[in-house]
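For reference, final38.cif is printed below; it contains mmCIF, C-alpha atoms and all ligand atoms.
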```cif
data_work
loop_
_atom_site.label_atom_id
_atom_site.label_comp_id
_atom_site.auth_asym_id
_atom_site.auth_seq_id
_atom_site.Cartn_x
_atom_site.Cartn_y
_atom_site.Cartn_z
CA MET N 1 0.00 0.00 0.00
CA ASN N 2 1.29 3.39 -0.94
CA ALA N 3 -0.77 5.92 1.02
CA PRO N 4 -0.81 9.65 0.25
CA ALA N 5 1.94 11.45 2.18
CA PRO N 6 1.72 15.04 3.43
CA ARG N 7 4.41 17.44 2.20
CA ALA N 8 7.61 17.83 4.22
CA GLY N 9 6.96 19.85 7.37
CA ILE N 10 3.25 19.07 7.77
CA LEU N 11 3.76 16.24 10.26
CA ASP N 12 6.18 18.44 12.25
CA ILE N 13 3.22 20.66 13.14
CA LYS N 14 1.98 20.34 16.68
CA ALA N 15 -1.71 21.11 16.23
CA TYR N 16 -2.90 24.28 18.00
CA VAL N 17 -4.60 23.47 21.28
CA PRO N 18 -7.26 26.10 21.95
CA GLY N 19 -8.29 27.20 25.45
CA ARG N 20 -11.23 25.07 26.56
CA SER N 21 -14.44 26.41 25.06
CA SER N 22 -17.23 24.71 27.00
CA VAL N 23 -19.30 26.85 29.35
CA THR N 24 -20.05 23.96 31.71
CA ASP N 25 -17.63 21.45 33.23
CA SER N 26 -17.94 17.67 33.54
CA GLN N 27 -20.21 18.10 36.57
CA GLY N 28 -22.50 20.39 34.63
CA ARG N 29 -21.42 23.51 36.57
CA ARG N 30 -21.19 26.85 34.79
CA VAL N 31 -17.51 27.62 34.43
CA ILE N 32 -15.66 30.89 34.82
CA LYS N 33 -13.75 30.91 31.58
CA LEU N 34 -10.53 32.90 31.76
CA SER N 35 -8.59 30.87 29.20
CA SER N 36 -9.03 32.40 25.74
CA ASN N 37 -8.65 36.18 26.14
CA GLU N 38 -12.10 37.23 24.98
CA SER N 39 -13.24 40.56 26.46
CA ALA N 40 -14.99 40.40 29.85
CA LEU N 41 -18.08 42.39 28.84
CA GLY N 42 -18.93 40.41 25.72
CA PRO N 43 -20.01 41.94 22.40
CA SER N 44 -21.98 45.12 21.81
CA PRO N 45 -25.74 44.39 21.89
CA ARG N 46 -25.91 46.23 18.55
CA ALA N 47 -23.49 43.74 17.03
CA VAL N 48 -25.57 40.82 18.29
CA GLU N 49 -28.72 42.39 16.89
CA ALA N 50 -27.07 42.94 13.50
CA ALA N 51 -25.92 39.31 13.52
CA GLN N 52 -29.46 38.12 14.18
CA GLU N 53 -30.82 40.22 11.33
CA ALA N 54 -28.12 38.99 8.96
CA ALA N 55 -28.87 35.40 9.92
CA ALA N 56 -32.22 35.71 8.13
CA GLY N 57 -30.38 36.26 4.85
CA VAL N 58 -27.94 33.39 4.86
CA VAL N 59 -29.40 31.88 1.68
CA ARG N 60 -27.17 34.35 -0.21
CA TYR N 61 -23.42 34.35 -0.54
CA PRO N 62 -21.75 37.13 1.45
CA ASP N 63 -20.14 40.16 -0.18
CA GLY N 64 -16.79 38.67 -1.16
CA SER N 65 -15.09 42.05 -0.91
CA ALA N 66 -16.61 42.93 2.51
CA LEU N 67 -17.04 46.47 1.22
CA ASP N 68 -19.27 47.89 3.99
CA LEU N 69 -17.00 46.49 6.67
CA ARG N 70 -13.83 47.75 4.98
CA GLU N 71 -15.33 51.20 4.65
CA ALA N 72 -16.39 51.19 8.30
CA ILE N 73 -12.87 50.13 9.35
CA ALA N 74 -11.36 52.80 7.10
CA ARG N 75 -13.53 55.50 8.69
CA ARG N 76 -12.81 54.33 12.23
CA TRP N 77 -9.02 54.31 11.82
CA ASP N 78 -8.66 56.81 8.96
CA LEU N 79 -7.22 54.29 6.48
CA ASP N 80 -7.55 53.63 2.74
CA PRO N 81 -10.28 50.95 2.27
CA GLU N 82 -8.46 49.62 -0.81
CA ARG N 83 -5.56 48.62 1.38
CA ILE N 84 -7.71 46.80 3.93
CA VAL N 85 -8.45 43.09 3.53
CA CYS N 86 -10.97 41.34 5.76
CA SER N 87 -10.45 37.72 6.73
CA ASN N 88 -11.84 34.68 8.49
CA GLY N 89 -10.30 35.75 11.79
CA SER N 90 -6.89 37.34 11.62
CA ASP N 91 -5.73 33.74 11.81
CA GLU N 92 -6.46 33.39 8.07
CA ILE N 93 -4.00 36.19 7.34
CA LEU N 94 -1.34 34.83 9.67
CA GLN N 95 -1.71 31.42 7.97
CA LEU N 96 -1.69 32.64 4.37
CA LEU N 97 1.10 35.24 4.40
CA PRO N 98 3.85 32.62 4.98
CA ARG N 99 2.42 30.54 2.10
CA ILE N 100 2.56 33.60 -0.15
CA TYR N 101 5.99 34.89 0.89
CA ALA N 102 7.92 31.84 2.14
CA GLY N 103 8.37 28.18 1.18
CA PRO N 104 10.78 25.27 1.39
CA GLY N 105 14.30 26.47 2.22
CA ASP N 106 13.05 29.75 3.70
CA GLU N 107 12.81 30.85 7.32
CA VAL N 108 9.99 32.54 9.25
CA LEU N 109 11.21 34.40 12.33
CA TYR N 110 9.39 35.32 15.54
CA SER N 111 10.27 35.78 19.20
CA GLN N 112 10.73 33.01 21.79
CA TYR N 113 7.25 33.24 23.31
CA GLY N 114 5.53 34.44 20.13
CA PHE N 115 1.92 33.46 19.38
CA ALA N 116 1.49 29.68 18.84
CA ILE N 117 0.06 30.08 15.34
CA TYR N 118 3.38 31.35 13.89
CA PRO N 119 5.27 28.02 13.84
CA ILE N 120 2.16 26.28 12.49
CA ALA N 121 1.85 28.80 9.66
CA ALA N 122 5.56 28.54 8.83
CA LEU N 123 5.59 24.73 8.70
CA ALA N 124 2.35 24.61 6.70
CA ALA N 125 4.08 26.78 4.10
CA GLY N 126 7.03 24.36 4.02
CA ALA N 127 9.31 26.97 5.63
CA ALA N 128 11.38 26.60 8.80
CA PRO N 129 10.20 28.37 11.99
CA VAL N 130 13.05 30.21 13.76
CA THR N 131 12.84 31.90 17.17
CA ALA N 132 14.87 34.70 18.74
CA PRO N 133 15.29 34.81 22.54
CA GLU N 134 13.23 37.27 24.56
CA ARG N 135 14.50 39.24 27.52
CA ALA N 136 12.36 39.15 30.69
CA PHE N 137 9.35 38.02 28.61
CA ARG N 138 9.64 40.94 26.18
CA VAL N 139 10.64 40.95 22.54
CA ASP N 140 14.34 41.84 22.17
CA VAL N 141 14.78 43.71 18.87
CA GLU N 142 18.55 43.18 18.76
CA ALA N 143 18.10 39.42 19.25
CA MET N 144 15.47 39.38 16.49
CA LEU N 145 17.79 41.17 14.09
CA ALA N 146 20.69 38.89 15.03
CA ALA N 147 18.55 35.87 14.08
CA VAL N 148 17.92 37.13 10.53
CA THR N 149 19.70 35.09 7.83
CA ASN N 150 19.67 35.27 4.06
CA ARG N 151 16.85 32.71 4.17
CA THR N 152 14.54 34.86 6.31
CA LYS N 153 11.44 35.85 4.32
CA LEU N 154 8.90 36.86 6.92
CA VAL N 155 9.00 38.13 10.51
CA PHE N 156 6.01 37.92 12.86
CA LEU N 157 5.81 40.42 15.71
CA ALA N 158 2.86 40.16 18.09
CA ASN N 159 2.66 43.56 19.76
CA PRO N 160 1.37 43.22 22.43
CA ASN N 161 2.34 39.57 22.59
CA ASN N 162 0.24 36.62 23.65
CA PRO N 163 0.88 34.85 26.10
CA THR N 164 3.27 37.28 27.84
CA GLY N 165 1.06 40.41 27.65
CA SER N 166 4.16 42.54 27.05
CA VAL N 167 4.59 45.30 24.49
CA ILE N 168 7.44 47.12 22.80
CA PRO N 169 7.29 50.85 22.01
CA ALA N 170 6.79 52.22 18.50
CA SER N 171 10.44 53.27 18.39
CA ASP N 172 11.52 49.63 18.87
CA VAL N 173 9.17 48.43 16.13
CA ALA N 174 10.59 51.09 13.80
CA ARG N 175 14.13 49.97 14.68
CA LEU N 176 13.19 46.35 13.90
CA ARG N 177 11.76 47.38 10.53
CA ALA N 178 14.79 49.53 9.70
CA GLY N 179 17.16 46.69 10.57
CA LEU N 180 15.40 44.08 8.41
CA PRO N 181 16.31 43.69 4.74
CA ASP N 182 13.74 45.39 2.49
CA HIS N 183 12.63 42.09 0.94
CA VAL N 184 11.60 40.66 4.33
CA LEU N 185 7.87 41.05 5.12
CA LEU N 186 7.23 42.29 8.67
CA VAL N 187 3.80 41.21 9.99
CA ILE N 188 2.76 43.27 13.01
CA ASP N 189 0.02 41.32 14.79
CA SER N 190 -1.87 43.94 16.82
CA ALA N 191 -4.72 41.71 18.06
CA TYR N 192 -4.82 43.50 21.44
CA ALA N 193 -4.13 47.06 20.25
CA GLU N 194 -7.34 48.56 21.67
CA PHE N 195 -6.41 47.58 25.23
CA VAL N 196 -3.09 49.43 25.20
CA THR N 197 -3.19 52.89 26.75
CA ARG N 198 0.54 53.70 26.72
CA ASP N 199 1.59 56.83 24.83
CA ASP N 200 4.63 55.21 23.25
CA TYR N 201 2.56 52.43 21.63
CA ARG N 202 1.39 52.37 18.00
CA ALA N 203 -0.63 49.56 16.42
CA GLY N 204 1.47 49.88 13.25
CA ALA N 205 -0.65 51.68 10.62
CA GLU N 206 1.84 54.54 10.23
CA LEU N 207 4.65 52.10 9.60
CA VAL N 208 2.57 50.23 7.00
CA HIS N 209 1.45 53.38 5.30
CA ASP N 210 4.71 54.36 3.64
CA SER N 211 6.17 50.88 3.26
CA THR N 212 6.17 48.14 0.66
CA ASN N 213 7.08 45.45 3.17
CA THR N 214 5.06 45.83 6.39
CA VAL N 215 1.52 44.75 7.26
CA MET N 216 -0.63 45.15 10.37
CA THR N 217 -3.23 42.55 11.37
CA ARG N 218 -6.21 43.22 13.63
CA THR N 219 -9.16 41.24 14.92
CA PHE N 220 -12.75 41.51 16.13
CA SER N 221 -12.16 38.51 18.43
CA LYS N 222 -10.68 40.29 21.45
CA VAL N 223 -11.91 43.71 22.61
CA TYR N 224 -14.98 43.47 20.33
CA SER N 225 -15.79 39.96 21.62
CA LEU N 226 -16.91 38.50 18.29
CA ALA N 227 -14.50 35.54 18.39
CA GLY N 228 -17.21 33.06 17.40
CA LEU N 229 -17.90 34.89 14.14
CA ARG N 230 -14.25 34.85 12.97
CA VAL N 231 -13.58 38.34 11.60
CA GLY N 232 -10.13 39.87 11.26
CA TRP N 233 -8.45 42.28 8.88
CA MET N 234 -5.12 43.55 7.69
CA TYR N 235 -3.80 46.84 6.42
CA GLY N 236 -0.98 46.45 3.93
CA PRO N 237 0.90 47.80 0.93
CA PRO N 238 -1.03 47.48 -2.38
CA ALA N 239 1.21 44.67 -3.70
CA VAL N 240 0.72 42.56 -0.56
CA VAL N 241 -3.03 43.21 -0.65
CA ASP N 242 -3.10 42.16 -4.32
CA ALA N 243 -1.20 38.92 -3.64
CA PHE N 244 -3.46 38.12 -0.67
CA HIS N 245 -6.65 38.56 -2.72
CA ARG N 246 -5.37 35.98 -5.22
CA VAL N 247 -4.97 33.33 -2.53
CA ARG N 248 -7.76 33.93 -0.01
CA GLY N 249 -11.13 32.23 -0.13
CA PRO N 250 -13.44 34.31 -2.35
CA PHE N 251 -16.09 34.43 0.42
CA ASN N 252 -13.74 34.26 3.38
CA VAL N 253 -15.80 36.44 5.75
CA ASN N 254 -19.31 35.16 6.39
CA ALA N 255 -22.31 37.51 6.08
CA VAL N 256 -23.24 37.37 9.77
CA GLY N 257 -19.70 38.26 10.79
CA GLN N 258 -19.54 41.17 8.34
CA ALA N 259 -22.80 42.64 9.66
CA ALA N 260 -21.89 42.19 13.32
CA ALA N 261 -18.39 43.63 12.96
CA THR N 262 -19.71 46.65 11.04
CA ALA N 263 -22.29 47.31 13.77
CA ALA N 264 -19.70 46.81 16.54
CA LEU N 265 -17.66 49.69 15.11
CA ASP N 266 -20.66 51.97 15.61
CA ASP N 267 -20.87 51.33 19.34
CA SER N 268 -17.98 53.34 20.69
CA ASP N 269 -19.63 53.55 24.15
CA HIS N 270 -19.50 49.79 24.52
CA LEU N 271 -15.87 49.75 23.39
CA GLN N 272 -15.07 52.42 25.94
CA ARG N 273 -16.73 50.44 28.73
CA ALA N 274 -14.72 47.34 27.81
CA ILE N 275 -11.47 49.32 27.88
CA GLU N 276 -12.36 51.01 31.19
CA HIS N 277 -13.23 47.68 32.80
CA ASN N 278 -9.85 46.38 31.73
CA ASP N 279 -7.99 49.48 32.90
CA ARG N 280 -9.53 49.03 36.33
CA TRP N 281 -8.76 45.31 36.66
CA LEU N 282 -5.34 45.02 35.05
CA PRO N 283 -3.40 46.80 37.83
CA GLU N 284 -5.69 45.32 40.50
CA LEU N 285 -5.29 41.72 39.32
CA THR N 286 -1.54 42.19 38.89
CA ARG N 287 -1.15 43.67 42.38
CA ARG N 288 -3.23 40.99 44.10
CA LEU N 289 -1.50 38.09 42.33
CA LYS N 290 1.89 39.52 43.27
CA ALA N 291 0.70 39.90 46.87
CA ILE N 292 0.15 36.12 47.11
CA GLY N 293 3.65 35.40 45.83
CA LEU N 294 3.22 35.04 42.06
CA ASP N 295 5.55 36.65 39.56
CA VAL N 296 3.53 38.72 37.07
CA PRO N 297 5.48 40.42 34.26
CA GLU N 298 3.99 43.78 33.31
CA SER N 299 0.98 43.29 31.01
CA VAL N 300 -0.74 45.93 28.88
CA VAL N 301 -3.66 43.76 27.72
CA ASN N 302 -6.69 41.84 29.04
CA PHE N 303 -4.71 38.92 30.45
CA VAL N 304 -1.70 38.35 32.65
CA LEU N 305 1.03 35.76 32.78
CA ALA N 306 1.25 34.46 36.37
CA ARG N 307 4.39 32.49 37.24
CA PHE N 308 4.53 30.19 40.24
CA PRO N 309 7.53 30.25 42.62
CA GLY N 310 7.16 26.47 43.04
CA GLY N 311 7.77 25.93 39.31
CA PRO N 312 5.93 23.74 36.77
CA SER N 313 4.46 21.28 39.27
CA GLN N 314 2.93 24.10 41.31
CA ALA N 315 1.53 25.77 38.17
CA ALA N 316 -0.01 22.47 37.08
CA ALA N 317 -1.47 21.91 40.55
CA ALA N 318 -2.91 25.44 40.53
CA GLU N 319 -4.57 24.81 37.18
CA ARG N 320 -6.10 21.56 38.48
CA PHE N 321 -7.23 23.27 41.68
CA LEU N 322 -8.88 26.11 39.75
CA ALA N 323 -10.56 23.61 37.40
CA SER N 324 -11.96 21.83 40.47
CA GLN N 325 -13.54 25.19 41.36
CA ALA N 326 -14.92 25.49 37.79
CA ILE N 327 -12.40 28.21 36.84
CA LEU N 328 -10.58 27.68 33.54
CA VAL N 329 -7.20 29.29 32.88
CA ARG N 330 -4.59 28.52 30.23
CA ASP N 331 -1.55 26.36 30.91
CA LEU N 332 1.55 27.41 29.00
CA GLY N 333 3.55 24.22 28.67
CA ALA N 334 3.15 24.35 24.90
CA TYR N 335 4.65 27.87 24.96
CA GLY N 336 7.70 26.76 26.95
CA ILE N 337 6.51 28.56 30.10
CA PRO N 338 5.55 25.50 32.22
CA ASP N 339 5.73 27.47 35.49
CA GLY N 340 3.13 29.96 34.23
CA LEU N 341 -0.60 30.21 33.70
CA ARG N 342 -2.33 32.76 31.50
CA ILE N 343 -5.38 34.31 33.12
CA ASN N 344 -7.68 36.72 31.35
CA ILE N 345 -9.65 39.50 32.92
CA GLY N 346 -13.30 38.61 33.49
CA LEU N 347 -16.23 40.28 35.23
CA ASP N 348 -15.89 41.69 38.76
CA ASP N 349 -17.31 38.64 40.54
CA GLU N 350 -15.29 36.28 38.35
CA MET N 351 -12.10 38.12 39.30
CA GLU N 352 -12.92 37.99 43.01
CA THR N 353 -13.66 34.25 42.79
CA LEU N 354 -10.41 33.65 40.91
CA ILE N 355 -8.30 35.64 43.36
CA ASP N 356 -9.98 33.96 46.37
CA GLY N 357 -9.31 30.55 44.84
CA LEU N 358 -5.67 31.26 44.05
CA THR N 359 -5.14 32.79 47.51
CA ARG N 360 -6.45 29.60 49.13
CA PHE N 361 -4.29 27.50 46.83
CA MET N 362 -1.14 29.46 47.66
CA ASP N 363 -1.89 29.31 51.41
CA GLU N 364 -2.24 25.55 51.26
CA THR N 365 0.84 24.74 49.15
C1 LIG E 401 -6.29 35.96 19.59
C2 LIG E 401 -5.11 36.35 18.77
C3 LIG E 401 -5.23 36.57 17.40
C4 LIG E 401 -6.57 36.63 16.73
O1 LIG E 401 -7.11 35.51 16.31
P1 LIG E 401 -8.42 35.55 15.39
O2 LIG E 401 -8.10 34.54 14.37
O3 LIG E 401 -8.57 36.92 14.81
O4 LIG E 401 -9.53 35.18 16.30
C5 LIG E 401 -4.13 36.95 16.67
N1 LIG E 401 -2.93 37.11 17.26
C6 LIG E 401 -2.78 36.94 18.58
C7 LIG E 401 -1.46 37.21 19.18
C8 LIG E 401 -3.85 36.54 19.37
O5 LIG E 401 -3.69 36.33 20.67
#
```

Produce structure tokens that represent the structure in this file.
Ligand SMILES: *Cc1c(COP(=O)(O)O)cnc(C)c1O
Amino acid sequence: MNAPAPRAGILDIKAYVPGRSSVTDSQGRRVIKLSSNESALGPSPRAVEAAQEAAAGVVRYPDGSALDLREAIARRWDLDPERIVCSNGSDEILQLLPRIYAGPGDEVLYSQYGFAIYPIAALAAGAAPVTAPERAFRVDVEAMLAAVTNRTKLVFLANPNNPTGSVIPASDVARLRAGLPDHVLLVIDSAYAEFVTRDDYRAGAELVHDSTNTVMTRTFSKVYSLAGLRVGWMYGPPAVVDAFHRVRGPFNVNAVGQAAATAALDDSDHLQRAIEHNDRWLPELTRRLKAIGLDVPESVVNFVLARFPGGPSQAAAAERFLASQAILVRDLGAYGIPDGLRINIGLDDEMETLIDGLTRFMDET
């Protein structure tokens, strides 16, 4: 028997393991889900209403160019709609760009604790994933540049990064771009941009605007809480946009997602509430986790990395303990941070329950 064989690289992929998605646990209890970084407040009611209306029209194919949504995005961020491409989650963009710009013999570079999709996307393209060390859980631009070889074709930068929650200032991103060869595509993954309130941060549009070799990706999955509808977008140079359109699915963004995302952009009050909720809890959660002995690197987003002084076995025990209390958090063994758990910011009572639980756990171990 001569069975079909996947291309080189495919079987090197370790399939992405998502945060658990069920809302009840094995005992049927409602869980507090702090494992996948969705926003605490959930989507705008206007977005949900638009989704329900659009659901009545699903007999028709969606608008393959997502024109209304692109125009709404362009108005919101003052961008050229022709240079925006919408996608089936930003994941679709992160997956396709390596297939367009890299292949066998090429390298795709990202930082040590970079988002788990990057190695998958590189290997699926037939390219080799390469990592550069981070310093104190932050991207180190010099180390990234030192890892560039003449095979490097694409560099992923998650800014802020998941799962560390750390960010680098716009000046560092500009230095990274300036240090990369012109033919290397820099993909700035700004999935958490809306949560960042620091003055020295930029999501990347300015850098894209005058370049031929830099793109910014964004998503409706995080602060807008539309993860289940799978809507993302990128802003890029015309030639990159043109290449992407040739490869993407012709109807990559479903009609319900287009309608909901367009409506979500109209509800700036809801967005503001989500950001304010996060601004209130981020320092509070960080302070209270540190007070019970955990190491929490500075985060600028809606989740924190909590590292356990007792190492990997204590982190694993904490995850099991929290699960026994119907609280789900994300273990980071697959990211090479086995002594850490990623915990996202939930509602007020969810945060109090989490902190109470972890306090009891730390007292008892
Ligand atoms: C969640 C996340 C994404 C977005 O994924 P979608 O496919 O848009 O849901 C992209 N990059 C990072 C770093 C993320 O954490």

Residues within 10 Å of ligand LIG 401 (chain E), counting all atoms listed in the file: report them as a PyMOL selection string.
-> chain N and resi 36-38+87-95+114-118+156-165+188-192+217-222+225-233

Set the distance at 8 Å and use all atoms listed in the file: which residues neighbour range 338-348 of chain N once local chain neighbours fewer than 6 positions away are removed? I'd like the list as an mmCIF file with C-alpha atoms, in the coordinates of the input.
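That gives us selection_38.cif:
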```
data_model
loop_
_atom_site.group_PDB
_atom_site.id
_atom_site.type_symbol
_atom_site.label_atom_id
_atom_site.label_comp_id
_atom_site.auth_asym_id
_atom_site.auth_seq_id
_atom_site.Cartn_x
_atom_site.Cartn_y
_atom_site.Cartn_z
ATOM 1 C CA LYS N 33 -13.750 30.910 31.580
ATOM 2 C CA LEU N 34 -10.530 32.900 31.760
ATOM 3 C CA SER N 35 -8.590 30.870 29.200
ATOM 4 C CA SER N 36 -9.030 32.400 25.740
ATOM 5 C CA ASN N 37 -8.650 36.180 26.140
ATOM 6 C CA GLU N 38 -12.100 37.230 24.980
ATOM 7 C CA SER N 39 -13.240 40.560 26.460
ATOM 8 C CA ALA N 40 -14.990 40.400 29.850
ATOM 9 C CA LEU N 41 -18.080 42.390 28.840
ATOM 10 C CA PRO N 163 0.880 34.850 26.100
ATOM 11 C CA ASN N 278 -9.850 46.380 31.730
ATOM 12 C CA TRP N 281 -8.760 45.310 36.660
ATOM 13 C CA LEU N 282 -5.340 45.020 35.050
ATOM 14 C CA ASN N 302 -6.690 41.840 29.040
ATOM 15 C CA PHE N 303 -4.710 38.920 30.450
ATOM 16 C CA VAL N 304 -1.700 38.350 32.650
ATOM 17 C CA LEU N 305 1.030 35.760 32.780
ATOM 18 C CA ALA N 306 1.250 34.460 36.370
ATOM 19 C CA ARG N 307 4.390 32.490 37.240
ATOM 20 C CA PHE N 308 4.530 30.190 40.240
ATOM 21 C CA PRO N 309 7.530 30.250 42.620
ATOM 22 C CA GLY N 310 7.160 26.470 43.040
ATOM 23 C CA GLY N 311 7.770 25.930 39.310
ATOM 24 C CA PRO N 312 5.930 23.740 36.770
ATOM 25 C CA SER N 313 4.460 21.280 39.270
ATOM 26 C CA GLN N 314 2.930 24.100 41.310
ATOM 27 C CA ALA N 315 1.530 25.770 38.170
ATOM 28 C CA ALA N 316 -0.010 22.470 37.080
ATOM 29 C CA GLU N 319 -4.570 24.810 37.180
ATOM 30 C CA VAL N 329 -7.200 29.290 32.880
ATOM 31 C CA ARG N 330 -4.590 28.520 30.230
ATOM 32 C CA ASP N 331 -1.550 26.360 30.910
ATOM 33 C CA LEU N 332 1.550 27.410 29.000
#
```

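Separating CA of Cys86 in chain N from CA of Tyr335 in chain N is a distance of 28.2 Å.
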
Once you add 8 Å to each side, what are the centre and edge lengths of the axis-aligned box holding all listed atoms of range 325-343 of chain N? One decimal in Å, as JSON, if you can.
```
{"center_x": -3.6, "center_y": 29.3, "center_z": 33.1, "size_x": 38.6, "size_y": 26.1, "size_z": 32.5}
```

Quick one: pull the distance between CA of Thr131 in chain N and CA of Asp295 in chain N, Å, one decimal.
-> 24.0 Å

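The shortest atom-to-atom distance to Ala264 in chain N, with all atoms listed in the file taken into account, belongs to N:Arg76 out of N:Lys153, N:His245, N:Arg60, N:Arg76.
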
Closest of N:Gly357, N:Gly257, N:Pro129, N:Pro104 to Arg7 in chain N - atom-to-atom distances counting all atoms listed in the file |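 Of N:Gly357, N:Gly257, N:Pro129, N:Pro104, the one nearest Arg7 in chain N, counting all atoms listed in the file, is N:Pro104.
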
Reconstructed all heavy atoms for range 77-83 of chain N, given as a CSV table (one decimal), in the frame of the given file:
```csv
chain,number,residue,atom,x,y,z
N,77,TRP,N,-10.5,54.1,11.6
N,77,TRP,CA,-9.0,54.3,11.8
N,77,TRP,C,-8.4,55.2,10.8
N,77,TRP,O,-7.1,55.3,10.7
N,77,TRP,CB,-8.3,52.9,11.9
N,77,TRP,CG,-8.5,52.2,13.2
N,77,TRP,CD1,-7.8,52.5,14.3
N,77,TRP,CD2,-9.4,51.2,13.5
N,77,TRP,NE1,-8.3,51.6,15.3
N,77,TRP,CE2,-9.3,50.8,14.8
N,77,TRP,CE3,-10.4,50.5,12.7
N,77,TRP,CZ2,-10.0,49.8,15.4
N,77,TRP,CZ3,-11.1,49.5,13.3
N,77,TRP,CH2,-10.9,49.1,14.7
N,78,ASP,N,-9.2,55.9,10.0
N,78,ASP,CA,-8.7,56.8,9.0
N,78,ASP,C,-7.6,56.1,8.0
N,78,ASP,O,-6.5,56.6,7.9
N,78,ASP,CB,-8.0,58.0,9.7
N,78,ASP,CG,-7.8,59.2,8.7
N,78,ASP,OD1,-8.5,59.2,7.7
N,78,ASP,OD2,-7.0,60.1,9.0
N,79,LEU,N,-8.1,55.1,7.4
N,79,LEU,CA,-7.2,54.3,6.5
N,79,LEU,C,-7.8,54.2,5.1
N,79,LEU,O,-9.0,54.6,4.9
N,79,LEU,CB,-7.1,52.9,7.0
N,79,LEU,CG,-6.5,52.7,8.4
N,79,LEU,CD1,-6.6,51.2,8.9
N,79,LEU,CD2,-5.1,53.2,8.5
N,80,ASP,N,-7.1,53.8,4.1
N,80,ASP,CA,-7.6,53.6,2.7
N,80,ASP,C,-8.2,52.3,2.6
N,80,ASP,O,-7.6,51.2,2.8
N,80,ASP,CB,-6.3,53.7,1.8
N,80,ASP,CG,-6.7,53.4,0.4
N,80,ASP,OD1,-7.9,53.2,0.1
N,80,ASP,OD2,-5.8,53.4,-0.5
N,81,PRO,N,-9.6,52.2,2.3
N,81,PRO,CA,-10.3,51.0,2.3
N,81,PRO,C,-9.7,50.0,1.2
N,81,PRO,O,-9.8,48.8,1.4
N,81,PRO,CB,-11.7,51.3,1.9
N,81,PRO,CG,-11.7,52.7,1.4
N,81,PRO,CD,-10.5,53.4,2.0
N,82,GLU,N,-9.1,50.5,0.2
N,82,GLU,CA,-8.5,49.6,-0.8
N,82,GLU,C,-7.3,48.8,-0.3
N,82,GLU,O,-6.9,47.8,-0.8
N,82,GLU,CB,-8.0,50.5,-2.0
N,82,GLU,CG,-9.1,51.1,-2.8
N,82,GLU,CD,-10.0,50.1,-3.4
N,82,GLU,OE1,-9.5,49.1,-3.9
N,82,GLU,OE2,-11.2,50.3,-3.2
N,83,ARG,N,-6.7,49.3,0.8
N,83,ARG,CA,-5.6,48.6,1.4
N,83,ARG,C,-5.9,47.8,2.6
N,83,ARG,O,-5.0,47.3,3.3
N,83,ARG,CB,-4.5,49.7,1.7
N,83,ARG,CG,-4.0,50.3,0.4
N,83,ARG,CD,-3.0,51.4,0.7
N,83,ARG,NE,-1.8,50.9,1.5
N,83,ARG,CZ,-0.8,51.6,1.8
N,83,ARG,NH1,-0.7,52.9,1.5
N,83,ARG,NH2,0.2,51.1,2.5
```
